[in-house]
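Student: If it helps, the file is called coords.cif and holds mmCIF, C-alpha atoms:
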```cif
data_query
#
loop_
_atom_site.group_PDB
_atom_site.id
_atom_site.type_symbol
_atom_site.label_atom_id
_atom_site.label_comp_id
_atom_site.auth_asym_id
_atom_site.auth_seq_id
_atom_site.Cartn_x
_atom_site.Cartn_y
_atom_site.Cartn_z
ATOM 1 C CA MET A 1 228.471 -33.138 290.515
ATOM 2 C CA LYS A 2 226.598 -35.228 287.993
ATOM 3 C CA PRO A 3 223.573 -32.910 287.664
ATOM 4 C CA ALA A 4 225.852 -29.915 287.171
ATOM 5 C CA ASP A 5 227.955 -31.821 284.653
ATOM 6 C CA SER A 6 224.847 -32.882 282.771
ATOM 7 C CA LEU A 7 223.641 -29.285 282.614
ATOM 8 C CA TRP A 8 226.913 -28.159 281.103
ATOM 9 C CA ARG A 9 226.870 -31.083 278.666
ATOM 10 C CA ASP A 10 223.321 -30.176 277.639
ATOM 11 C CA ALA A 11 224.411 -26.578 277.134
ATOM 12 C CA TRP A 12 227.358 -27.749 275.021
ATOM 13 C CA ARG A 13 225.066 -29.881 272.845
ATOM 14 C CA ARG A 14 222.668 -26.971 272.345
ATOM 15 C CA LEU A 15 225.582 -24.720 271.429
ATOM 16 C CA LEU A 16 226.787 -27.182 268.794
ATOM 17 C CA LYS A 17 223.312 -27.240 267.258
ATOM 18 C CA ASN A 18 223.457 -23.483 266.716
ATOM 19 C CA LYS A 19 225.117 -23.192 263.301
ATOM 20 C CA LEU A 20 225.843 -19.476 263.526
ATOM 21 C CA ALA A 21 227.450 -19.927 266.937
ATOM 22 C CA VAL A 22 229.628 -22.757 265.592
ATOM 23 C CA VAL A 23 230.658 -20.650 262.618
ATOM 24 C CA GLY A 24 231.424 -17.704 264.875
ATOM 25 C CA GLY A 25 233.438 -19.849 267.276
ATOM 26 C CA SER A 26 235.372 -21.426 264.396
ATOM 27 C CA ILE A 27 236.266 -18.011 262.977
ATOM 28 C CA ILE A 28 237.375 -16.815 266.411
ATOM 29 C CA LEU A 29 239.571 -19.897 266.814
ATOM 30 C CA LEU A 30 241.081 -19.203 263.376
ATOM 31 C CA LEU A 31 241.727 -15.580 264.340
ATOM 32 C CA VAL A 32 243.439 -16.690 267.545
ATOM 33 C CA LEU A 33 245.744 -18.973 265.547
ATOM 34 C CA ILE A 34 246.464 -16.147 263.112
ATOM 35 C CA ALA A 35 247.318 -13.807 265.976
ATOM 36 C CA ILE A 36 249.677 -16.357 267.539
ATOM 37 C CA PHE A 37 251.443 -17.347 264.330
ATOM 38 C CA ALA A 38 251.325 -13.984 262.549
ATOM 39 C CA PRO A 39 255.152 -13.768 262.277
ATOM 40 C CA VAL A 40 255.169 -17.139 260.530
ATOM 41 C CA ILE A 41 252.148 -16.582 258.293
ATOM 42 C CA ALA A 42 252.773 -12.975 257.245
ATOM 43 C CA PRO A 43 254.788 -12.721 254.014
ATOM 44 C CA TYR A 44 256.520 -9.494 255.137
ATOM 45 C CA PRO A 45 257.201 -7.625 258.396
ATOM 46 C CA PHE A 46 254.284 -5.325 259.161
ATOM 47 C CA ASP A 47 256.534 -2.221 259.207
ATOM 48 C CA GLU A 48 258.632 -2.988 256.124
ATOM 49 C CA ALA A 49 258.203 -0.126 253.656
ATOM 50 C CA ASP A 50 258.734 -0.393 249.891
ATOM 51 C CA PHE A 51 258.556 3.104 248.436
ATOM 52 C CA GLU A 52 258.719 1.764 244.897
ATOM 53 C CA ASN A 53 255.355 0.004 245.390
ATOM 54 C CA THR A 54 253.275 2.605 247.222
ATOM 55 C CA PHE A 55 249.543 2.134 246.698
ATOM 56 C CA ALA A 56 250.200 -1.140 244.875
ATOM 57 C CA ALA A 57 247.024 -2.824 243.625
ATOM 58 C CA PRO A 58 246.051 -6.254 244.976
ATOM 59 C CA GLY A 59 247.869 -9.096 243.264
ATOM 60 C CA GLY A 60 251.414 -10.178 242.534
ATOM 61 C CA ARG A 61 253.829 -9.561 245.398
ATOM 62 C CA PHE A 62 251.064 -8.009 247.486
ATOM 63 C CA PRO A 63 247.913 -10.196 247.477
ATOM 64 C CA LEU A 64 245.858 -7.451 249.168
ATOM 65 C CA GLY A 65 247.856 -4.510 247.861
ATOM 66 C CA ALA A 66 250.170 -2.082 249.638
ATOM 67 C CA ASP A 67 249.516 1.133 251.542
ATOM 68 C CA PHE A 68 250.887 4.645 251.053
ATOM 69 C CA LEU A 69 254.309 3.555 252.350
ATOM 70 C CA GLY A 70 254.432 0.361 250.325
ATOM 71 C CA ARG A 71 253.731 -1.855 253.337
ATOM 72 C CA ASP A 72 252.030 -5.171 252.638
ATOM 73 C CA MET A 73 248.328 -4.965 253.539
ATOM 74 C CA LEU A 74 247.991 -8.705 254.151
ATOM 75 C CA SER A 75 250.826 -8.700 256.681
ATOM 76 C CA ARG A 76 249.409 -5.676 258.475
ATOM 77 C CA LEU A 77 245.942 -7.244 258.586
ATOM 78 C CA LEU A 78 247.362 -10.425 260.102
ATOM 79 C CA TYR A 79 249.303 -8.528 262.746
ATOM 80 C CA GLY A 80 246.302 -6.289 263.377
ATOM 81 C CA THR A 81 244.434 -9.371 264.565
ATOM 82 C CA ARG A 82 246.663 -9.359 267.621
ATOM 83 C CA ILE A 83 245.594 -5.849 268.600
ATOM 84 C CA SER A 84 241.866 -6.452 268.221
ATOM 85 C CA LEU A 85 241.808 -9.813 270.007
ATOM 86 C CA THR A 86 244.106 -8.643 272.787
ATOM 87 C CA VAL A 87 242.047 -5.535 273.521
ATOM 88 C CA GLY A 88 238.774 -7.451 273.226
ATOM 89 C CA THR A 89 239.721 -10.413 275.415
ATOM 90 C CA LEU A 90 241.719 -8.519 278.048
ATOM 91 C CA GLY A 91 239.072 -5.816 278.231
ATOM 92 C CA ALA A 92 236.453 -8.516 278.753
ATOM 93 C CA LEU A 93 238.621 -10.261 281.371
ATOM 94 C CA PHE A 94 239.160 -7.071 283.359
ATOM 95 C CA ALA A 95 235.468 -6.192 283.130
ATOM 96 C CA PHE A 96 234.500 -9.684 284.282
ATOM 97 C CA VAL A 97 236.880 -9.855 287.258
ATOM 98 C CA ILE A 98 236.304 -6.311 288.528
ATOM 99 C CA GLY A 99 232.572 -6.322 287.847
ATOM 100 C CA VAL A 100 231.922 -9.709 289.454
ATOM 101 C CA LEU A 101 233.917 -8.910 292.598
ATOM 102 C CA TYR A 102 232.365 -5.483 292.981
ATOM 103 C CA GLY A 103 228.784 -6.482 292.212
ATOM 104 C CA THR A 104 228.818 -9.742 294.179
ATOM 105 C CA LEU A 105 230.141 -8.084 297.320
ATOM 106 C CA SER A 106 227.575 -5.314 296.980
ATOM 107 C CA GLY A 107 224.648 -7.673 296.457
ATOM 108 C CA TYR A 108 225.693 -10.297 298.998
ATOM 109 C CA PHE A 109 226.250 -7.984 301.958
ATOM 110 C CA GLY A 110 223.592 -5.429 301.001
ATOM 111 C CA GLY A 111 222.661 -2.660 303.414
ATOM 112 C CA ARG A 112 224.840 0.399 303.736
ATOM 113 C CA LEU A 113 227.741 -1.140 301.807
ATOM 114 C CA ASP A 114 225.414 -1.847 298.888
ATOM 115 C CA ASN A 115 224.123 1.717 298.901
ATOM 116 C CA ILE A 116 227.617 3.213 298.892
ATOM 117 C CA LEU A 117 228.975 0.925 296.173
ATOM 118 C CA MET A 118 225.949 1.375 293.915
ATOM 119 C CA ARG A 119 226.001 5.168 294.264
ATOM 120 C CA ILE A 120 229.578 5.072 292.987
ATOM 121 C CA VAL A 121 228.398 2.970 290.046
ATOM 122 C CA ASP A 122 225.549 5.413 289.363
ATOM 123 C CA VAL A 123 227.976 8.340 289.253
ATOM 124 C CA LEU A 124 230.293 6.507 286.855
ATOM 125 C CA TYR A 125 227.347 5.344 284.758
ATOM 126 C CA ALA A 126 226.270 8.974 284.271
ATOM 127 C CA PHE A 127 229.349 9.695 282.157
ATOM 128 C CA PRO A 128 229.306 8.602 278.479
ATOM 129 C CA SER A 129 231.778 5.721 278.375
ATOM 130 C CA LEU A 130 233.288 6.530 274.977
ATOM 131 C CA LEU A 131 233.758 10.205 275.835
ATOM 132 C CA PHE A 132 235.300 9.229 279.167
ATOM 133 C CA ILE A 133 237.743 6.872 277.423
ATOM 134 C CA ILE A 134 238.666 9.572 274.880
ATOM 135 C CA LEU A 135 239.406 12.041 277.683
ATOM 136 C CA LEU A 136 241.494 9.433 279.483
ATOM 137 C CA MET A 137 243.420 8.638 276.306
ATOM 138 C CA VAL A 138 244.128 12.329 275.698
ATOM 139 C CA VAL A 139 245.455 12.678 279.244
ATOM 140 C CA PHE A 140 247.520 9.492 279.008
ATOM 141 C CA LYS A 141 248.957 10.270 275.589
ATOM 142 C CA THR A 142 249.872 13.862 276.421
ATOM 143 C CA SER A 143 251.172 13.515 279.979
ATOM 144 C CA PHE A 144 252.910 10.139 279.781
ATOM 145 C CA GLY A 145 253.941 10.561 276.163
ATOM 146 C CA ALA A 146 255.668 13.861 276.865
ATOM 147 C CA ALA A 147 257.473 12.334 279.836
ATOM 148 C CA GLY A 148 258.614 9.241 278.015
ATOM 149 C CA GLY A 149 262.184 10.361 277.493
ATOM 150 C CA GLU A 150 262.658 12.262 280.729
ATOM 151 C CA ILE A 151 264.181 10.073 283.390
ATOM 152 C CA THR A 152 263.763 12.930 285.863
ATOM 153 C CA ARG A 153 260.022 12.324 285.857
ATOM 154 C CA GLY A 154 260.562 9.221 287.952
ATOM 155 C CA PRO A 155 261.089 5.490 287.423
ATOM 156 C CA PHE A 156 257.347 4.752 287.571
ATOM 157 C CA VAL A 157 256.528 6.996 284.613
ATOM 158 C CA VAL A 158 259.450 5.618 282.640
ATOM 159 C CA ALA A 159 258.348 2.035 283.406
ATOM 160 C CA VAL A 160 254.755 2.771 282.330
ATOM 161 C CA VAL A 161 255.848 4.422 279.085
ATOM 162 C CA THR A 162 258.286 1.593 278.360
ATOM 163 C CA LEU A 163 255.566 -1.005 278.899
ATOM 164 C CA ASP A 164 253.185 0.959 276.674
ATOM 165 C CA ARG A 165 255.752 1.103 273.896
ATOM 166 C CA PHE A 166 256.464 -2.613 274.286
ATOM 167 C CA LEU A 167 252.728 -3.285 273.830
ATOM 168 C CA GLY A 168 252.586 -1.022 270.798
ATOM 169 C CA GLY A 169 250.466 1.610 272.545
ATOM 170 C CA MET A 170 247.819 -0.785 273.885
ATOM 171 C CA LEU A 171 248.450 -0.217 277.600
ATOM 172 C CA PHE A 172 246.533 3.039 277.895
ATOM 173 C CA ILE A 173 243.704 1.668 275.736
ATOM 174 C CA LEU A 174 243.342 -1.293 278.100
ATOM 175 C CA ILE A 175 243.396 1.008 281.125
ATOM 176 C CA GLY A 176 240.743 3.259 279.604
ATOM 177 C CA ILE A 177 238.451 0.367 278.683
ATOM 178 C CA SER A 178 238.989 -1.377 282.027
ATOM 179 C CA LEU A 179 237.981 1.722 283.996
ATOM 180 C CA THR A 180 234.567 1.843 282.307
ATOM 181 C CA SER A 181 233.672 -1.638 281.062
ATOM 182 C CA TRP A 182 233.026 -3.257 284.454
ATOM 183 C CA ILE A 183 230.034 -1.093 285.399
ATOM 184 C CA GLY A 184 227.421 -3.110 283.524
ATOM 185 C CA VAL A 185 228.846 -6.401 284.788
ATOM 186 C CA ALA A 186 228.792 -5.076 288.352
ATOM 187 C CA ARG A 187 225.122 -4.137 288.075
ATOM 188 C CA LEU A 188 224.191 -7.513 286.629
ATOM 189 C CA SER A 189 226.161 -9.530 289.194
ATOM 190 C CA ARG A 190 224.786 -7.384 292.023
ATOM 191 C CA GLY A 191 221.197 -8.047 290.972
ATOM 192 C CA MET A 192 221.838 -11.779 290.688
ATOM 193 C CA ALA A 193 223.617 -11.864 294.068
ATOM 194 C CA LEU A 194 220.671 -10.096 295.719
ATOM 195 C CA SER A 195 218.390 -12.815 294.412
ATOM 196 C CA LEU A 196 220.656 -15.774 295.091
ATOM 197 C CA ARG A 197 221.511 -14.855 298.671
ATOM 198 C CA GLU A 198 217.910 -15.539 299.663
ATOM 199 C CA MET A 199 217.856 -18.995 298.050
ATOM 200 C CA GLU A 200 217.601 -22.085 300.210
ATOM 201 C CA PHE A 201 221.041 -23.477 299.368
ATOM 202 C CA VAL A 202 222.735 -20.230 300.438
ATOM 203 C CA GLN A 203 220.749 -20.091 303.671
ATOM 204 C CA ALA A 204 221.588 -23.743 304.319
ATOM 205 C CA ALA A 205 225.291 -23.026 303.812
ATOM 206 C CA LYS A 206 225.117 -20.228 306.365
ATOM 207 C CA ALA A 207 223.219 -22.475 308.765
ATOM 208 C CA ILE A 208 225.965 -25.099 308.797
ATOM 209 C CA GLY A 209 228.569 -22.438 309.563
ATOM 210 C CA ALA A 210 229.996 -21.560 306.126
ATOM 211 C CA GLY A 211 231.792 -18.215 306.179
ATOM 212 C CA HIS A 212 231.162 -15.352 303.796
ATOM 213 C CA PHE A 213 234.128 -16.196 301.596
ATOM 214 C CA ARG A 214 233.180 -19.863 301.257
ATOM 215 C CA THR A 215 229.538 -19.002 300.615
ATOM 216 C CA ILE A 216 230.428 -16.570 297.844
ATOM 217 C CA VAL A 217 233.047 -18.769 296.182
ATOM 218 C CA ARG A 218 231.346 -22.162 296.632
ATOM 219 C CA TYR A 219 227.682 -21.317 296.179
ATOM 220 C CA LEU A 220 227.163 -17.867 294.639
ATOM 221 C CA ALA A 221 229.945 -17.689 292.053
ATOM 222 C CA PRO A 222 229.075 -20.901 290.134
ATOM 223 C CA ASN A 223 225.513 -19.654 289.649
ATOM 224 C CA LEU A 224 226.754 -16.298 288.355
ATOM 225 C CA VAL A 225 229.194 -17.633 285.779
ATOM 226 C CA GLY A 226 226.774 -18.647 283.023
ATOM 227 C CA PRO A 227 224.827 -15.400 282.520
ATOM 228 C CA LEU A 228 227.918 -13.258 283.085
ATOM 229 C CA VAL A 229 229.982 -15.190 280.513
ATOM 230 C CA VAL A 230 227.222 -14.569 277.978
ATOM 231 C CA ASN A 231 227.112 -10.890 278.878
ATOM 232 C CA ILE A 232 230.857 -10.421 278.632
ATOM 233 C CA THR A 233 231.099 -12.359 275.355
ATOM 234 C CA LEU A 234 228.486 -10.087 273.804
ATOM 235 C CA SER A 235 230.449 -7.045 275.009
ATOM 236 C CA ILE A 236 233.719 -8.049 273.293
ATOM 237 C CA PRO A 237 232.644 -6.586 269.903
ATOM 238 C CA GLY A 238 232.114 -3.271 271.680
ATOM 239 C CA PHE A 239 235.656 -3.346 273.077
ATOM 240 C CA ILE A 240 237.065 -4.146 269.638
ATOM 241 C CA ALA A 241 235.036 -1.336 268.090
ATOM 242 C CA THR A 242 236.245 1.085 270.778
ATOM 243 C CA GLU A 243 239.879 0.264 270.032
ATOM 244 C CA ALA A 244 239.272 0.633 266.288
ATOM 245 C CA PHE A 245 237.576 4.000 266.808
ATOM 246 C CA LEU A 246 240.378 5.285 269.053
ATOM 247 C CA SER A 247 242.954 4.232 266.462
ATOM 248 C CA PHE A 248 240.836 5.807 263.731
ATOM 249 C CA ILE A 249 240.932 9.219 265.434
ATOM 250 C CA GLY A 250 244.621 8.923 266.312
ATOM 251 C CA LEU A 251 244.323 8.022 270.014
ATOM 252 C CA GLY A 252 244.924 4.311 269.656
ATOM 253 C CA VAL A 253 248.058 2.258 269.119
ATOM 254 C CA ASP A 254 251.331 3.916 268.211
ATOM 255 C CA PRO A 255 252.514 3.789 264.591
ATOM 256 C CA PRO A 256 253.729 1.643 262.930
ATOM 257 C CA THR A 257 251.865 -0.926 265.052
ATOM 258 C CA PRO A 258 249.049 -2.138 262.770
ATOM 259 C CA SER A 259 245.495 -1.608 263.941
ATOM 260 C CA TRP A 260 242.455 -2.154 261.763
ATOM 261 C CA GLY A 261 241.053 1.206 262.861
ATOM 262 C CA ALA A 262 244.243 3.044 261.922
ATOM 263 C CA MET A 263 244.380 1.154 258.611
ATOM 264 C CA ILE A 264 240.817 2.210 257.835
ATOM 265 C CA GLN A 265 241.719 5.817 258.663
ATOM 266 C CA ASP A 266 244.695 5.674 256.276
ATOM 267 C CA GLY A 267 242.524 4.037 253.627
ATOM 268 C CA VAL A 268 239.812 6.691 253.874
ATOM 269 C CA LYS A 269 242.335 9.326 252.811
ATOM 270 C CA ALA A 270 242.874 7.469 249.525
ATOM 271 C CA MET A 271 239.373 6.028 249.204
ATOM 272 C CA ARG A 272 238.671 7.311 245.695
ATOM 273 C CA GLY A 273 241.754 5.930 244.014
ATOM 274 C CA HIS A 274 242.530 2.971 246.250
ATOM 275 C CA PRO A 275 239.366 1.765 248.012
ATOM 276 C CA HIS A 276 240.923 -1.595 248.952
ATOM 277 C CA LEU A 277 242.995 0.132 251.633
ATOM 278 C CA ALA A 278 239.832 0.761 253.666
ATOM 279 C CA ILE A 279 237.687 -2.138 252.471
ATOM 280 C CA PHE A 280 239.933 -5.008 253.577
ATOM 281 C CA PRO A 281 240.479 -3.866 257.200
ATOM 282 C CA GLY A 282 236.797 -2.936 257.362
ATOM 283 C CA ILE A 283 235.826 -6.465 256.344
ATOM 284 C CA ALA A 284 238.231 -7.963 258.901
ATOM 285 C CA LEU A 285 236.776 -5.768 261.650
ATOM 286 C CA ALA A 286 233.180 -6.587 260.703
ATOM 287 C CA VAL A 287 233.789 -10.343 260.478
ATOM 288 C CA THR A 288 235.510 -10.405 263.880
ATOM 289 C CA MET A 289 232.744 -8.445 265.606
ATOM 290 C CA LEU A 290 230.006 -10.557 264.001
ATOM 291 C CA SER A 291 231.772 -13.770 265.031
ATOM 292 C CA PHE A 292 231.788 -12.751 268.683
ATOM 293 C CA ALA A 293 228.170 -11.614 268.415
ATOM 294 C CA PHE A 294 227.110 -14.979 266.924
ATOM 295 C CA LEU A 295 229.022 -16.893 269.600
ATOM 296 C CA GLY A 296 227.513 -14.741 272.351
ATOM 297 C CA ASP A 297 223.992 -15.314 271.051
ATOM 298 C CA GLY A 298 224.656 -19.037 270.915
ATOM 299 C CA LEU A 299 225.976 -19.076 274.481
ATOM 300 C CA ARG A 300 222.936 -17.138 275.656
ATOM 301 C CA ASP A 301 220.582 -19.670 274.123
ATOM 302 C CA ALA A 302 222.622 -22.628 275.375
ATOM 303 C CA LEU A 303 222.890 -21.350 278.965
ATOM 304 C CA ASP A 304 219.358 -19.999 279.283
ATOM 305 C CA PRO A 305 217.895 -21.774 282.332
ATOM 306 C CA ARG A 306 214.457 -21.806 280.708
ATOM 307 C CA LEU A 307 215.844 -24.080 277.984
ATOM 308 C CA LYS A 308 217.312 -26.649 280.394
ATOM 309 C CA GLN A 309 214.033 -28.457 280.895
#
```
Let me see the structure of the file written as structure tokens.
Tutor:
Amino acid sequence: MKPADSLWRDAWRRLLKNKLAVVGGSIILLLVLIAIFAPVIAPYPFDEADFENTFAAPGGRFPLGADFLGRDMLSRLLYGTRISLTVGTLGALFAFVIGVLYGTLSGYFGGRLDNILMRIVDVLYAFPSLLFIILLMVVFKTSFGAAGGEITRGPFVVAVVTLDRFLGGMLFILIGISLTSWIGVARLSRGMALSLREMEFVQAAKAIGAGHFRTIVRYLAPNLVGPLVVNITLSIPGFIATEAFLSFIGLGVDPPTPSWGAMIQDGVKAMRGHPHLAIFPGIALAVTMLSFAFLGDGLRDALDPRLKQ
């Protein structure tokens, strides 16, 4: 355990020496706190309209201005942090779990199973991910949305629609991202498993009678974690951007749930007279994506085996 612990401690020290990674991690931690305590921090409810102060300029009662319904931009930005972080982190979690299980099983057992599983991945990889997600969102929004109030459609449909409404429209976004985001992780974990299964420590484990499950969990998985964590961290900005784009084109969260993409779309309509409506959510989106990118780059450098000498 000591060599492994020392490797992780060395990686932690290298990560702390990377200033951009530290800045990115600090911003992410701040965003997480904002998302958790948004009801306490926000000066107004995100859906509270004030028609006497529509398109209010920044300052006074509204530090960042108000939108076309008189809703406080600062409050909506703070609540919008929840949407972006939830989609980004849960999308990354689903991609990690599904991709690692799928790819590790394919690479470890190899042979016919590997061929079948990888052909499925190749077929899915042939479809443009964003277009596939858009098509899924259209199907989800039209079929489930139209059935939301009809109990005769069945308890399952009603339960799904109720859960989606409770999540502010995020459920179908998470499903769409989860169905496509694991493919790259599966390919990476499969390639690493193919290499690791021939290593001496894996062969030694098999020689002493370790079963497949124990070999995968005890010996393969720990050696897959580092590179895959880096890969999935670098993919979080893509998940956040996907959610923002879906909300921008009207296939994202349900109004009045605040999403930075939907706020940018509303701001674009009034860009000439009130540019702050699009600028502020755009800055929040860019800062969040850059923070994850900086942290991912720092993790990649810290966990690179070539730098552990």
Student: Please evaluate the PyMOL selection byres ((chain A and resi 280) around 9) against the displayed coordinates and give the resulting residues as a PyMOL selection string.
Tutor: chain A and resi 64+73-74+77+264+275-279+281-285
Student: So which one's closest to Asn115 in chain A, A:Ala49, A:Gly103, A:Trp8, A:Arg82? Using only C-alpha atoms, please.
Tutor: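 Checking each of A:Ala49, A:Gly103, A:Trp8, A:Arg82 against Asn115 in chain A, counting only C-alpha atoms, the winner is A:Gly103.
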Student: Which residue out of A:Val100, A:Ile232, A:Leu117, A:Ala205 has the minimum interatomic distance to Ala193 in chain A when only C-alpha atoms are used?
Tutor: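 Checking each candidate against Ala193 in chain A, we get A:Val100 as the closest.
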Student: Written as a PyMOL selection string, what is the full residue list that the PyMOL selection byres ((chain A and resi 56) around 8) yields on the file shown?
Tutor: chain A and resi 53-55+57-58+62+65-67+70
Student: Could you state which residues are captured by the PyMOL selection byres ((chain A and resi 231) around 12) in this file, as a compact mmCIF listing (two decimals) with C-alpha atoms, in the coordinates of the input?
Tutor:
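Heads up, here's the output in out29.txt:
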```
# COMPACT_ATOMS: atom_id res chain seq x y z
CA ALA A 92 236.45 -8.52 278.75
CA LEU A 93 238.62 -10.26 281.37
CA ALA A 95 235.47 -6.19 283.13
CA PHE A 96 234.50 -9.68 284.28
CA GLY A 99 232.57 -6.32 287.85
CA VAL A 100 231.92 -9.71 289.45
CA SER A 181 233.67 -1.64 281.06
CA TRP A 182 233.03 -3.26 284.45
CA GLY A 184 227.42 -3.11 283.52
CA VAL A 185 228.85 -6.40 284.79
CA ALA A 186 228.79 -5.08 288.35
CA ARG A 187 225.12 -4.14 288.08
CA LEU A 188 224.19 -7.51 286.63
CA SER A 189 226.16 -9.53 289.19
CA LEU A 224 226.75 -16.30 288.36
CA VAL A 225 229.19 -17.63 285.78
CA GLY A 226 226.77 -18.65 283.02
CA PRO A 227 224.83 -15.40 282.52
CA LEU A 228 227.92 -13.26 283.08
CA VAL A 229 229.98 -15.19 280.51
CA VAL A 230 227.22 -14.57 277.98
CA ILE A 232 230.86 -10.42 278.63
CA THR A 233 231.10 -12.36 275.36
CA LEU A 234 228.49 -10.09 273.80
CA SER A 235 230.45 -7.04 275.01
CA ILE A 236 233.72 -8.05 273.29
CA PRO A 237 232.64 -6.59 269.90
CA GLY A 238 232.11 -3.27 271.68
CA PHE A 292 231.79 -12.75 268.68
CA ALA A 293 228.17 -11.61 268.42
CA LEU A 295 229.02 -16.89 269.60
CA GLY A 296 227.51 -14.74 272.35
CA ASP A 297 223.99 -15.31 271.05
CA GLY A 298 224.66 -19.04 270.92
CA LEU A 299 225.98 -19.08 274.48
CA ARG A 300 222.94 -17.14 275.66
CA ASP A 301 220.58 -19.67 274.12
CA LEU A 303 222.89 -21.35 278.96
CA ASP A 304 219.36 -20.00 279.28
```
